[in-house]
Amino acid sequence: YDSHWTDTMIKLRQEFGFPEPHPRWGRVPAEHALEYAKTVVREVTIPLHQWFYSQQSRGGLVVAQSLLRDLVLNGTKREPTLADESQQSPVVGYTYESMVQVHKEAHGDMESLLQSTTASEPKLVRCVHILGLCIQQLKQDCEIDGAQYLKHLPFVLVHMDCQPQNLIFAKSSVDGMSHLNVSSVLDWEEAAYADPRFELLLLGRKVCANLEQAESLWQFYES
């Protein structure tokens, strides 16, 4: 076990030109963030995505779907039923469009709550209004003339929280050079079956410290 990344975690840093909006332990120092993110992509993200792609190309997607159903049932903390066993429809993954819809519905609930409250804080009303504008922009970003154009990629299992406190690293030696390798991945509570780009988005937001690092990480994944 090697504790380098967990020992060097910080609570505050500049992110995309602004102070950390939610100070908490788990941030990688900006000067090492890209190195860490590439390690995660190389040793966790790509192998996991490749496994799911290989199952699809070999006709073994049924195995992957069965695994995901087990994860869903475990997440609901209930026993499988006969209806679960007989259900043959595939597990549907999250897409950009579906997540925009989730936020749109949550925003609608906020607006309804504000309308039912006689003494709403002006600042809160303003924030909810701005949130609505942001969601509308997200919706427009995936449409052209009202038609959906941002197509999802084949679904894979994404972790969504690959920060140092959720990974166990081990040190190995290759040709006399010391390397840190991911030995285990913990804390799958935010995992989902989704478009693989969600993992890159979250690494870009939670790990990378600026736009240049995020773009470099996308290029690393694509290559």
# chains A, B, ... in the order shown; residues from 1 in each chain; ligands from 1
$ residues_around --residues "Tyr221 in chain A" --least-positions-apart "4" --cutoff "9 Å" --atoms "only C-alpha atoms" --output "MDAnalysis selection string"
chainID A and resid 38 41:42 45:46 200 216:217
$ write_last_selection --atoms "C-alpha atoms" --output "CSV table (one decimal), in the first residue's frame"
chain,number,residue,atom,x,y,z
A,38,LYS,CA,-4.4,10.2,-16.1
A,41,VAL,CA,-8.1,6.9,-16.6
A,42,ARG,CA,-5.3,4.5,-17.6
A,45,THR,CA,-11.6,4.0,-16.5
A,46,ILE,CA,-10.3,2.6,-19.7
A,200,LEU,CA,-14.6,12.0,-17.9
A,216,SER,CA,-5.7,17.3,-21.9
A,217,LEU,CA,-7.5,14.5,-20.0
$ residues_around --residues "Val158 in chain A" --least-positions-apart "4" --cutoff "10 Å" --atoms "only C-alpha atoms" --output "PyMOL selection string"
chain A and resi 44-45+48-49+162+188+190-200+202
$ closest_residue --among "A:Met177, A:Val92, A:Val40, A:Leu124" --to "Trp5 in chain A" --atoms "only C-alpha atoms"
A:Val40
$ closest_residue --among "A:Asp2, A:Glu215, A:Glu222, A:Asp161" --to "Ser183 in chain A" --atoms "only C-alpha atoms"
A:Asp2
$ select_by_dssp --residues "range 156-208 of chain A" --states "strand (DSSP E)" --output "list in words"
Val156, Leu157, Val158, Leu167, Ile168, Phe169, Ala170, Lys171, Ser172, Ser173, Val174, Met177, Ser178, His179, Leu180, Asn181, Val182, Ser183, Ser184, Val185, Ala192, Tyr193 and Ala194 of chain A
$ write_last_selection --atoms "N, CA, C and O atoms" --output "PDB file, in the first residue's frame"
ATOM      1  N   VAL A 156     -21.823   2.052 -20.119  1.00  0.00           N
ATOM      2  CA  VAL A 156     -20.839   1.320 -19.328  1.00  0.00           C
ATOM      3  C   VAL A 156     -21.080   1.631 -17.855  1.00  0.00           C
ATOM      4  O   VAL A 156     -21.883   2.503 -17.515  1.00  0.00           O
ATOM      5  N   LEU A 157     -20.380   0.924 -16.991  1.00  0.00           N
ATOM      6  CA  LEU A 157     -20.433   1.227 -15.564  1.00  0.00           C
ATOM      7  C   LEU A 157     -19.451   2.360 -15.273  1.00  0.00           C
ATOM      8  O   LEU A 157     -18.277   2.272 -15.616  1.00  0.00           O
ATOM      9  N   VAL A 158     -19.937   3.432 -14.668  1.00  0.00           N
ATOM     10  CA  VAL A 158     -19.081   4.568 -14.315  1.00  0.00           C
ATOM     11  C   VAL A 158     -19.076   4.734 -12.794  1.00  0.00           C
ATOM     12  O   VAL A 158     -20.097   4.536 -12.135  1.00  0.00           O
ATOM     13  N   LEU A 167      -9.628   5.360  -3.590  1.00  0.00           N
ATOM     14  CA  LEU A 167      -8.753   4.431  -4.290  1.00  0.00           C
ATOM     15  C   LEU A 167      -7.644   3.944  -3.361  1.00  0.00           C
ATOM     16  O   LEU A 167      -7.193   4.687  -2.489  1.00  0.00           O
ATOM     17  N   ILE A 168      -7.225   2.710  -3.546  1.00  0.00           N
ATOM     18  CA  ILE A 168      -6.071   2.182  -2.820  1.00  0.00           C
ATOM     19  C   ILE A 168      -4.950   1.971  -3.830  1.00  0.00           C
ATOM     20  O   ILE A 168      -5.137   1.309  -4.857  1.00  0.00           O
ATOM     21  N   PHE A 169      -3.804   2.584  -3.554  1.00  0.00           N
ATOM     22  CA  PHE A 169      -2.666   2.510  -4.462  1.00  0.00           C
ATOM     23  C   PHE A 169      -1.601   1.566  -3.903  1.00  0.00           C
ATOM     24  O   PHE A 169      -1.415   1.466  -2.690  1.00  0.00           O
ATOM     25  N   ALA A 170      -0.907   0.904  -4.802  1.00  0.00           N
ATOM     26  CA  ALA A 170       0.208   0.044  -4.432  1.00  0.00           C
ATOM     27  C   ALA A 170       1.423   0.455  -5.251  1.00  0.00           C
ATOM     28  O   ALA A 170       1.291   0.911  -6.400  1.00  0.00           O
ATOM     29  N   LYS A 171       2.593   0.315  -4.665  1.00  0.00           N
ATOM     30  CA  LYS A 171       3.834   0.687  -5.359  1.00  0.00           C
ATOM     31  C   LYS A 171       4.455  -0.553  -5.982  1.00  0.00           C
ATOM     32  O   LYS A 171       4.543  -1.608  -5.367  1.00  0.00           O
ATOM     33  N   SER A 172       4.849  -0.418  -7.246  1.00  0.00           N
ATOM     34  CA  SER A 172       5.508  -1.521  -7.939  1.00  0.00           C
ATOM     35  C   SER A 172       6.783  -0.997  -8.587  1.00  0.00           C
ATOM     36  O   SER A 172       6.972   0.215  -8.746  1.00  0.00           O
ATOM     37  N   SER A 173       7.643  -1.911  -8.961  1.00  0.00           N
ATOM     38  CA  SER A 173       8.909  -1.535  -9.588  1.00  0.00           C
ATOM     39  C   SER A 173       9.033  -2.216 -10.945  1.00  0.00           C
ATOM     40  O   SER A 173       8.867  -3.431 -11.060  1.00  0.00           O
ATOM     41  N   VAL A 174       9.285  -1.402 -11.982  1.00  0.00           N
ATOM     42  CA  VAL A 174       9.462  -1.912 -13.342  1.00  0.00           C
ATOM     43  C   VAL A 174      10.779  -1.370 -13.887  1.00  0.00           C
ATOM     44  O   VAL A 174      10.958  -0.151 -13.972  1.00  0.00           O
ATOM     45  N   MET A 177      12.396   1.251 -11.925  1.00  0.00           N
ATOM     46  CA  MET A 177      11.644   2.487 -11.716  1.00  0.00           C
ATOM     47  C   MET A 177      10.410   2.195 -10.865  1.00  0.00           C
ATOM     48  O   MET A 177       9.722   1.191 -11.060  1.00  0.00           O
ATOM     49  N   SER A 178      10.153   3.089  -9.898  1.00  0.00           N
ATOM     50  CA  SER A 178       9.009   2.919  -9.010  1.00  0.00           C
ATOM     51  C   SER A 178       7.750   3.516  -9.640  1.00  0.00           C
ATOM     52  O   SER A 178       7.789   4.616 -10.198  1.00  0.00           O
ATOM     53  N   HIS A 179       6.643   2.766  -9.550  1.00  0.00           N
ATOM     54  CA  HIS A 179       5.370   3.235 -10.109  1.00  0.00           C
ATOM     55  C   HIS A 179       4.260   3.028  -9.085  1.00  0.00           C
ATOM     56  O   HIS A 179       4.293   2.081  -8.301  1.00  0.00           O
ATOM     57  N   LEU A 180       3.269   3.921  -9.134  1.00  0.00           N
ATOM     58  CA  LEU A 180       2.079   3.762  -8.310  1.00  0.00           C
ATOM     59  C   LEU A 180       0.968   3.201  -9.180  1.00  0.00           C
ATOM     60  O   LEU A 180       0.684   3.733 -10.251  1.00  0.00           O
ATOM     61  N   ASN A 181       0.340   2.131  -8.714  1.00  0.00           N
ATOM     62  CA  ASN A 181      -0.739   1.497  -9.445  1.00  0.00           C
ATOM     63  C   ASN A 181      -1.996   1.454  -8.592  1.00  0.00           C
ATOM     64  O   ASN A 181      -1.917   1.355  -7.374  1.00  0.00           O
ATOM     65  N   VAL A 182      -3.156   1.523  -9.239  1.00  0.00           N
ATOM     66  CA  VAL A 182      -4.412   1.398  -8.519  1.00  0.00           C
ATOM     67  C   VAL A 182      -4.619  -0.069  -8.169  1.00  0.00           C
ATOM     68  O   VAL A 182      -4.674  -0.928  -9.049  1.00  0.00           O
ATOM     69  N   SER A 183      -4.728  -0.342  -6.884  1.00  0.00           N
ATOM     70  CA  SER A 183      -4.888  -1.721  -6.403  1.00  0.00           C
ATOM     71  C   SER A 183      -6.351  -2.065  -6.174  1.00  0.00           C
ATOM     72  O   SER A 183      -6.774  -3.204  -6.362  1.00  0.00           O
ATOM     73  N   SER A 184      -7.157  -1.063  -5.763  1.00  0.00           N
ATOM     74  CA  SER A 184      -8.572  -1.315  -5.488  1.00  0.00           C
ATOM     75  C   SER A 184      -9.353  -0.013  -5.591  1.00  0.00           C
ATOM     76  O   SER A 184      -8.810   1.072  -5.333  1.00  0.00           O
ATOM     77  N   VAL A 185     -10.623  -0.127  -5.968  1.00  0.00           N
ATOM     78  CA  VAL A 185     -11.516   1.034  -6.075  1.00  0.00           C
ATOM     79  C   VAL A 185     -12.649   0.855  -5.072  1.00  0.00           C
ATOM     80  O   VAL A 185     -13.355  -0.160  -5.090  1.00  0.00           O
ATOM     81  N   ALA A 192     -23.008   4.430 -11.667  1.00  0.00           N
ATOM     82  CA  ALA A 192     -24.201   4.367 -12.513  1.00  0.00           C
ATOM     83  C   ALA A 192     -23.875   3.657 -13.817  1.00  0.00           C
ATOM     84  O   ALA A 192     -22.706   3.495 -14.193  1.00  0.00           O
ATOM     85  N   TYR A 193     -24.917   3.210 -14.492  1.00  0.00           N
ATOM     86  CA  TYR A 193     -24.801   2.657 -15.835  1.00  0.00           C
ATOM     87  C   TYR A 193     -25.132   3.812 -16.766  1.00  0.00           C
ATOM     88  O   TYR A 193     -26.269   4.302 -16.790  1.00  0.00           O
ATOM     89  N   ALA A 194     -24.134   4.288 -17.518  1.00  0.00           N
ATOM     90  CA  ALA A 194     -24.325   5.555 -18.212  1.00  0.00           C
ATOM     91  C   ALA A 194     -23.395   5.691 -19.408  1.00  0.00           C
ATOM     92  O   ALA A 194     -22.521   4.849 -19.653  1.00  0.00           O
TER      93      ALA A 194
END
$ closest_residue --among "A:Gln136, A:Ala30, A:Leu201, A:Val125" --to "Phe16 in chain A" --atoms "only C-alpha atoms"
A:Ala30
$ residues_around --residues "range 107-112 of chain A" --least-positions-apart "6" --cutoff "12 Å" --atoms "only C-alpha atoms" --output "list of chain:residue names"
A:Val100, A:Gln101, A:Thr118, A:Ser120, A:Leu124, A:Val125, A:Arg126, A:Cys127, A:Val128, A:His129, A:Ile130, A:Leu131, A:Gly132, A:Leu133, A:Cys134, A:Ile135, A:Gln136
